[in-house]
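Participant: Below is the file data-v3.txt, with compact mmCIF, C-alpha atoms.
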```
# COMPACT_ATOMS: atom_id res chain seq x y z
CA ALA A 95 -17.86 10.65 9.45
CA GLY A 96 -14.79 12.81 9.13
CA ALA A 97 -11.17 13.02 10.09
CA TYR A 98 -9.10 13.68 13.13
CA ILE A 99 -5.50 14.62 13.75
CA MET A 100 -3.61 13.15 16.66
CA ARG A 101 -2.05 15.52 19.14
CA GLY A 102 1.24 14.90 20.83
CA SER A 103 4.96 15.15 20.48
CA GLY A 104 5.35 12.21 18.14
CA SER A 105 7.81 10.61 20.54
CA SER A 106 8.26 6.87 20.11
CA SER A 107 7.84 6.47 23.88
CA GLU A 108 4.38 8.02 23.78
CA PHE A 109 1.43 5.64 24.16
CA VAL A 110 -0.31 5.10 20.85
CA ASP A 111 -3.97 4.18 20.73
CA PRO A 112 -4.25 0.83 18.87
CA ASP A 113 -6.80 2.43 16.55
CA LYS A 114 -4.00 4.71 15.35
CA ILE A 115 -1.64 1.89 14.39
CA PHE A 116 -1.89 0.83 10.76
CA MET A 117 -2.87 -2.84 10.70
CA GLY A 118 -2.68 -3.32 6.93
CA ARG A 119 0.00 -5.17 5.02
CA GLU A 120 3.38 -3.64 4.24
CA PHE A 121 3.61 -1.26 1.32
CA LYS A 122 5.55 -1.86 -1.87
CA ASP A 123 6.99 1.01 -3.87
CA GLU A 124 4.99 -0.07 -6.92
CA GLU A 125 1.73 0.76 -5.11
CA PHE A 126 2.58 4.45 -5.09
CA THR A 127 1.35 6.87 -7.71
CA GLN A 128 3.72 9.43 -6.18
CA GLY A 129 6.73 8.83 -3.99
CA SER A 130 7.59 5.55 -2.26
CA THR A 131 8.00 3.84 1.08
CA LYS A 132 10.89 6.24 1.71
CA ASN A 133 8.45 9.09 2.29
CA LYS A 134 7.86 9.89 5.94
CA ILE A 135 4.20 10.74 5.33
CA VAL A 136 2.03 8.30 3.40
CA PHE A 137 -1.47 8.98 2.10
CA VAL A 138 -3.17 5.72 1.14
CA GLN A 139 -6.59 5.64 -0.46
CA TYR A 140 -8.85 2.63 -0.85
CA SER A 141 -10.92 3.25 -3.92
CA ASP A 142 -13.26 1.80 -6.56
CA THR A 143 -12.96 2.91 -10.20
CA GLU A 144 -16.75 2.67 -10.71
CA CYS A 145 -17.65 4.59 -7.55
CA PRO A 146 -18.99 8.08 -8.42
CA PHE A 147 -17.69 9.49 -5.13
CA CYS A 148 -14.23 8.04 -5.87
CA LYS A 149 -14.34 9.66 -9.32
CA LYS A 150 -15.17 13.01 -7.75
CA PHE A 151 -12.47 12.60 -5.08
CA HIS A 152 -9.84 11.58 -7.63
CA GLU A 153 -10.59 14.37 -10.08
CA GLU A 154 -11.25 17.23 -7.67
CA THR A 155 -8.90 16.39 -4.79
CA ILE A 156 -6.30 13.66 -5.37
CA SER A 157 -5.21 14.88 -8.82
CA LYS A 158 -4.64 18.36 -7.40
CA ILE A 159 -2.70 17.07 -4.38
CA GLU A 160 -0.44 15.00 -6.63
CA THR A 161 0.39 17.95 -8.86
CA ASP A 162 0.97 20.47 -6.05
CA ALA A 163 4.67 20.89 -5.26
CA LYS A 164 3.75 21.70 -1.67
CA TYR A 165 2.81 18.04 -1.16
CA SER A 166 5.60 16.45 -3.21
CA THR A 167 7.15 15.00 -0.05
CA ILE A 168 4.04 12.90 0.62
CA GLY A 169 3.89 9.34 -0.71
CA MET A 170 0.54 8.72 -2.42
CA ALA A 171 -0.44 5.04 -2.41
CA TYR A 172 -3.49 3.50 -4.07
CA ARG A 173 -5.21 0.25 -3.10
CA HIS A 174 -8.28 -1.24 -4.71
CA TYR A 175 -11.57 -1.71 -2.90
CA PRO A 176 -14.13 -2.63 -5.58
CA LEU A 177 -17.58 -2.62 -4.02
CA PRO A 178 -19.69 -5.77 -4.58
CA PHE A 179 -22.39 -3.98 -6.56
CA HIS A 180 -19.89 -2.52 -9.04
CA LEU A 181 -19.43 -5.62 -11.19
CA LYS A 182 -16.98 -4.03 -13.61
CA ALA A 183 -14.69 -2.59 -10.94
CA PRO A 184 -12.63 -5.75 -10.19
CA LYS A 185 -11.55 -6.17 -13.83
CA GLU A 186 -10.82 -2.45 -14.09
CA ALA A 187 -8.66 -2.79 -10.99
CA GLU A 188 -6.77 -5.63 -12.70
CA ALA A 189 -6.35 -3.36 -15.73
CA THR A 190 -4.60 -0.70 -13.64
CA LEU A 191 -2.22 -3.36 -12.33
CA CYS A 192 -1.46 -4.53 -15.86
CA ALA A 193 -0.72 -0.91 -16.73
CA ARG A 194 1.60 -0.76 -13.72
CA GLU A 195 3.38 -3.94 -14.81
CA GLN A 196 4.16 -2.43 -18.18
CA GLY A 197 4.43 1.26 -17.40
CA GLY A 198 5.63 1.36 -13.82
CA GLN A 199 4.58 4.09 -11.43
CA LYS A 200 3.79 6.53 -14.25
CA GLY A 201 1.73 3.92 -16.09
CA TYR A 202 -0.24 3.18 -12.93
CA ARG A 203 -0.96 6.85 -12.27
CA ASP A 204 -1.78 7.64 -15.90
CA TYR A 205 -4.15 4.68 -16.20
CA LEU A 206 -5.96 5.58 -12.99
CA ASP A 207 -6.26 9.21 -14.09
CA THR A 208 -7.67 8.21 -17.47
CA ILE A 209 -10.10 5.55 -16.28
CA PHE A 210 -11.58 7.96 -13.73
CA THR A 211 -11.89 10.61 -16.43
CA GLU A 212 -13.58 8.30 -18.92
CA THR A 213 -15.94 6.24 -16.78
CA PRO A 214 -19.42 7.66 -16.12
CA ALA A 215 -19.22 5.54 -12.91
CA ASN A 216 -21.73 2.98 -11.61
CA ASP A 217 -20.61 0.33 -14.13
CA GLY A 218 -20.90 2.78 -17.00
CA LEU A 219 -17.55 2.05 -18.67
CA ASP A 220 -17.56 -0.43 -21.55
CA ALA A 221 -14.94 -3.14 -20.97
CA ALA A 222 -13.80 -2.63 -24.57
CA GLU A 223 -12.38 0.73 -23.47
CA LEU A 224 -9.78 -0.84 -21.16
CA PRO A 225 -7.21 -1.67 -23.89
CA LYS A 226 -7.98 1.63 -25.61
CA ILE A 227 -7.01 3.46 -22.44
CA ALA A 228 -3.77 1.47 -22.37
CA THR A 229 -2.99 2.59 -25.92
CA LYS A 230 -3.95 6.16 -25.11
CA ILE A 231 -1.32 6.36 -22.36
CA GLY A 232 1.38 4.82 -24.54
CA LEU A 233 1.31 1.16 -23.52
CA ASP A 234 1.59 -1.86 -25.82
CA ALA A 235 -2.00 -3.02 -26.35
CA ALA A 236 -1.10 -6.63 -27.14
CA LYS A 237 0.94 -7.03 -23.96
CA PHE A 238 -1.76 -5.27 -21.97
CA ASN A 239 -4.49 -7.57 -23.32
CA GLU A 240 -2.41 -10.66 -22.63
CA CYS A 241 -1.96 -9.53 -19.05
CA LEU A 242 -5.61 -8.59 -18.53
CA ASN A 243 -6.98 -11.77 -20.11
CA SER A 244 -4.72 -13.93 -17.96
CA GLY A 245 -6.37 -12.78 -14.74
CA LYS A 246 -2.92 -12.74 -13.12
CA TYR A 247 -3.81 -9.79 -10.88
CA ALA A 248 -7.20 -10.99 -9.64
CA GLN A 249 -5.63 -12.20 -6.40
CA GLN A 250 -3.88 -8.88 -5.90
CA VAL A 251 -7.24 -7.11 -6.09
CA ASN A 252 -8.64 -9.54 -3.53
CA ASP A 253 -5.61 -8.89 -1.33
CA ASP A 254 -6.28 -5.15 -1.50
CA LEU A 255 -9.91 -5.77 -0.52
CA ALA A 256 -8.85 -7.86 2.45
CA ASP A 257 -6.32 -5.23 3.44
CA GLY A 258 -8.95 -2.50 3.33
CA SER A 259 -11.31 -4.54 5.47
CA ALA A 260 -8.48 -5.13 7.98
CA VAL A 261 -8.02 -1.39 8.45
CA GLY A 262 -11.72 -0.67 8.80
CA VAL A 263 -12.77 0.29 5.28
CA THR A 264 -16.48 -0.27 4.67
CA GLY A 265 -17.10 2.15 1.79
CA THR A 266 -15.22 4.21 -0.77
CA PRO A 267 -13.31 6.37 -1.01
CA ASN A 268 -11.60 5.83 2.32
CA SER A 269 -8.18 7.29 3.03
CA LEU A 270 -5.53 7.27 5.73
CA VAL A 271 -2.82 9.83 6.35
CA MET A 272 0.07 8.19 8.19
CA ILE A 273 3.57 8.84 9.42
CA LYS A 274 6.29 6.23 9.04
CA THR A 275 7.88 5.11 12.31
CA ASP A 276 10.52 2.57 13.27
CA SER A 277 7.75 0.07 13.97
CA GLY A 278 5.44 0.66 11.02
CA TYR A 279 2.93 3.37 10.23
CA ARG A 280 1.05 5.51 12.69
CA ILE A 281 -2.34 6.85 11.58
CA LEU A 282 -2.57 10.62 11.89
CA ALA A 283 -5.95 11.00 10.21
CA ARG A 284 -8.77 9.02 8.64
CA ILE A 285 -10.74 10.57 5.81
CA ASP A 286 -14.12 9.03 5.06
CA GLY A 287 -15.70 9.85 1.73
CA ALA A 288 -14.99 12.37 -1.02
CA ARG A 289 -13.97 15.32 1.11
CA ASP A 290 -13.08 18.50 -0.75
CA LEU A 291 -9.60 19.79 -1.55
CA LYS A 292 -9.53 22.45 1.17
CA TYR A 293 -10.42 19.86 3.82
CA VAL A 294 -7.69 17.42 2.73
CA GLN A 295 -5.10 20.18 2.37
CA ALA A 296 -5.76 21.26 5.97
CA ILE A 297 -5.08 17.70 7.15
CA LEU A 298 -1.92 17.35 5.08
CA ASP A 299 -0.61 20.71 6.24
CA GLN A 300 -0.96 19.53 9.84
CA ALA A 301 0.63 16.18 9.01
CA ILE A 302 3.67 17.92 7.49
CA LYS A 303 4.09 20.01 10.66
CA PHE A 304 3.67 16.89 12.82
CA ALA A 305 6.37 15.05 10.88
CA LYS A 306 9.02 17.74 11.34
```
Please rewrite the model in this file as structure tokens.

Facilitator:
Amino acid sequence: AGAYIMRGSGSSSEFVDPDKIFMGREFKDEEFTQGSTKNKIVFVQYSDTECPFCKKFHEETISKIETDAKYSTIGMAYRHYPLPFHLKAPKEAEATLCAREQGGQKGYRDYLDTIFTETPANDGLDAAELPKIATKIGLDAAKFNECLNSGKYAQQVNDDLADGSAVGVTGTPNSLVMIKTDSGYRILARIDGARDLKYVQAILDQAIKFAK
């Protein structure tokens, strides 16, 4: 598995292979850890907080992309795809959404960064750490616990899972690099697995040129 970049002028009159049309649901600005739906290029990753490959990808690739000014024009979106054998991942996904509710885009990004740093992966994170992480990033623990215990975001996690399946995700991490068009999003590249920083940078550099 790997990635590919489409060739062509980018003209709206050009035939687009159906496999290169994003079939997932519409994005909301709150799903972005960087940027928004206003960005012409969108990088969306489907990920699992207890997946060791996702941890590696987040720490060694995504975190560096998000802090590199060269890629500041790219919208970075995150959707949850907890694998069935990672039993703690769904609740952790809900925890990130509770952090987003209280802390907005920064809270979402900070919580994701911290949970990936602290989990050993493969269901190694104690559930008791979830509110501690919230406190660590400056959130109100009582409000966070109320949100998490309510289960109010369980359906959102299921919606993300369904969305990932609709766009062909079968494992994690799985990422798409897309360009926004008048009719939705056009897939420029698919990235399967925890590819290294140099590999992803090469794709994004091409995407930026394509979008000009």

Participant: Report, in Å with one decimal, the straight-line distance from atom CA of A:Asp113 to atom CA of A:Val261.

Facilitator: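 Those two atoms sit 9.0 Å apart.
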
Participant: Give me the residues within 9 Å of A:Phe121 as a VMD selection string, counting only C-alpha atoms and dropping any in the same chain fewer than 3 places off.

Facilitator: chain A and resid 118 124 to 126 130 to 131 171

Participant: Contacts between stretch 296-302 of chain A and stretch 133-239 of chain A, please, where a residue of stretch 133-239 of chain A counts if it comes within 9 Å (with only C-alpha atoms); show its shortest atom pair and distance in Å to one decimal, rows by chain and ascending number, as JSON lines.

Facilitator:
```
{"residue": "A:Ile135", "atom": "CA", "partner": "A:Ala301", "partner_atom": "CA", "distance": 7.5}
{"residue": "A:Phe137", "atom": "CA", "partner": "A:Leu298", "partner_atom": "CA", "distance": 8.9}
{"residue": "A:Tyr165", "atom": "CA", "partner": "A:Leu298", "partner_atom": "CA", "distance": 7.9}
{"residue": "A:Thr167", "atom": "CA", "partner": "A:Ile302", "partner_atom": "CA", "distance": 8.8}
{"residue": "A:Ile168", "atom": "CA", "partner": "A:Ile302", "partner_atom": "CA", "distance": 8.5}
```

Participant: Please indicate the distance in Å from atom CA of A:Ser166 to atom CA of A:Ala256, rounded to one decimal place.

Facilitator: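 According to the coordinates, atom CA of A:Ser166 and atom CA of A:Ala256 are separated by 28.8 Å.
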
Participant: Report, in Å with one decimal, the straight-line distance from atom CA of A:Ser141 to atom CA of A:Tyr172.

Facilitator: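 Interatomic distance, atom CA of A:Ser141 to atom CA of A:Tyr172: 7.4 Å.
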
Participant: May I ask which of the residues A:Asn133, A:Thr190, A:Thr127, A:Asn268 is the closest one to A:Ile227, counting all atoms listed in the file?

Facilitator: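 Among the listed residues, the smallest separation from A:Ile227 belongs to A:Thr190.
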
Participant: Could you list, as number ranges by chain, every residue within 12 Å of A:Ala235, counting all atoms listed in the file and ignoring same-chain residues fewer than 6 positions away?

Facilitator: A: 189, 192-193, 196-197, 222-229, 241-243

Participant: List the spatial neighbours of stretch 283-293 of chain A as JSON, numbers by chain - criterion: any atom at most 10 Å away, only C-alpha atoms, same-chain residues fewer than 5 positions off excluded.

Facilitator: {"A": [95, 96, 97, 98, 99, 100, 114, 137, 138, 139, 141, 146, 147, 148, 149, 150, 151, 152, 154, 155, 156, 157, 158, 159, 263, 264, 265, 266, 267, 268, 269, 270, 271, 272, 273, 298, 300, 301]}

Participant: Using all atoms listed in the file, can you tell me which of A:Thr143, A:Gln128, A:Ser259, A:Ser277 comes closest to A:Glu188?

Facilitator: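 Closest to A:Glu188, using all atoms listed in the file: A:Thr143.
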
Participant: In terms of the shortest atom-to-atom distance over all atoms listed in the file, which of A:Glu144, A:Ala163, A:Gly169, A:Gln249 is closest to A:Leu206?

Facilitator: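 Going through A:Glu144, A:Ala163, A:Gly169, A:Gln249 one by one, the smallest distance to A:Leu206 is for A:Glu144.
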
Participant: From the list A:Asp142, A:Asp111, A:Asp220, A:Glu120, which residue is nearest A:Leu255 when using all atoms listed in the file?

Facilitator: A:Asp142

Participant: Could you tell me which of A:Cys145, A:Leu233, A:Glu160, A:Arg194 comes closest to A:Phe210 if we count all atoms listed in the file?

Facilitator: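 Using all atoms listed in the file, A:Phe210 sits closest to A:Cys145.
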
Participant: Which is closer to A:Leu177 than all the others in A:Arg280, A:Gly218, A:Gly258, A:Glu212, using all atoms listed in the file?

Facilitator: A:Gly258

Participant: How big is the axis-aligned box, and where does its centre sit, when it encloses all atoms of stretch 279-290 of chain A listed in the file and has 3 Å added on every side, reported in Å to one decimal as lines of an AutoDock Vina configuration file?

Facilitator:
```
center_x = -6.4
center_y = 10.9
center_z = 5.8
size_x = 24.6
size_y = 21.1
size_z = 19.7
```
